[in-house]
Amino acid sequence: MENRKYKDKKRYLWALIIATVLFFLVIQASTFISYLEFERVASLQDPISYKIFENKLEYSLFDKDICVEDSFKEISEDLKYQGQLIGQLEKKFGINDPRVIFRKKFYTLVQIEHFEFTKVINEECNRSINSILFFYSNKKVDLDNSEGLGNILSVVYQKNDENLVLYSLDLNLDSNIIGNLKEKYNVGEEPLIIVNEDQRFTKIDNISEIERYLE
């Protein structure tokens with residue numbers, strides 16, 4: 001009888017050890033998969049960023065005629081896709097993940113480079129590409145307003161994507177660039193939309209409120 005109890009205890013001990021090992025392996029596998037997913041997204045973001053910087057430098061340093069090749073639309077599509085990648089990272093790893101924050105800071109830098117490039121094209125090529133700076137907030141108190149404004153802007157962009165670039169900027173991001181932008185455009189702590197560096201909106205009820213200011 002005592003021998004049977006000993007065997008049962010031994011069997012339970014082995015079951016506990018196996019369950020613990022399996023749990024540890026599942027956690028490690030999940031961590032590894034998350035790492036691979038992050039690296040996949042990061043590997044897609046970097047070439048897009050490189051292309052934007054390269055095109056701007058070719059113009060500013062090597063006198064490339066930016067009005068000849070219509071690469072602007074392709075770069076703008078890449079920029080939009082990069083924003084979608086940042087959104088994927090936020091959903092998977094959280095908005096406070098240090099890696100996500102770094103990627104968002106880098107994406108913000110790329111957006112501002114593209115924004116400056118857009119202004120150069122307008123000046124040099126006699127074009128009228130519209131721009132919208134959307135300063136959103138992930139704070140709980142602002143989340144509903146940010147999402148509402150974002151949804152309206154998505155419709156505006158879909159209707160005017162041939163001649164409009166939308167820049168989404170986290171106004172709470174701990175970044176010198178964001179700080180400088182907030183100072184330059186007098187941005188407070190609530191979500192704000194700025195159309196063509198002129199018209200400002202904190203609330204929108206209809207897309208026509210914005211479209212009337214698009215060229």
# chains A, B, ... in the order shown; residues from 1 in each chain; ligands from 1
>>> residues_around(residues="range 154-169 of chain A", least_positions_apart="5", cutoff="8 Å", atoms="only C-alpha atoms", output="MDAnalysis selection string")
chainID A and resid 73 76 108 111 115 128:136 178 207 210:211
>>> atom_distance(atom1="CA of Phe72 in chain A", atom2="CA of Gly148 in chain A")
28.8 Å
>>> closest_residue(among="A:Leu173, A:Ile112, A:Cys67, A:Leu181", to="Arg127 in chain A", atoms="only C-alpha atoms")
A:Cys67
>>> residues_around(residues="Lys105 in chain A", least_positions_apart="2", cutoff="9 Å", atoms="only C-alpha atoms", output="ChimeraX atom specification")
/A:100-103,107-110,173-175,177-178
>>> select_by_dssp(residues="range 69-195 of chain A", states="strand (DSSP E or B)", output="list in words")
Asn130, Ser131, Ile132, Leu133, Phe134, Phe135, Tyr136, Leu164, Val165, Leu166, Tyr167, Ser168, Leu169, Asp170, Leu192, Ile193, Ile194 and Val195 of chain A
>>> residues_around(residues="Asn145 in chain A", least_positions_apart="4", cutoff="10 Å", atoms="only C-alpha atoms", output="JSON, numbers by chain")
{"A": [136, 137, 138, 140, 141, 149, 150, 151, 190, 191, 192, 202, 203, 204]}
>>> select_by_dssp(residues="range 64-215 of chain A", states="helix (DSSP H, G or I)", output="PyMOL selection string")
chain A and resi 72-93+98-124+140-159+176-184+208-211
>>> atom_distance(atom1="CA of Tyr81 in chain A", atom2="CA of His114 in chain A")
13.7 Å
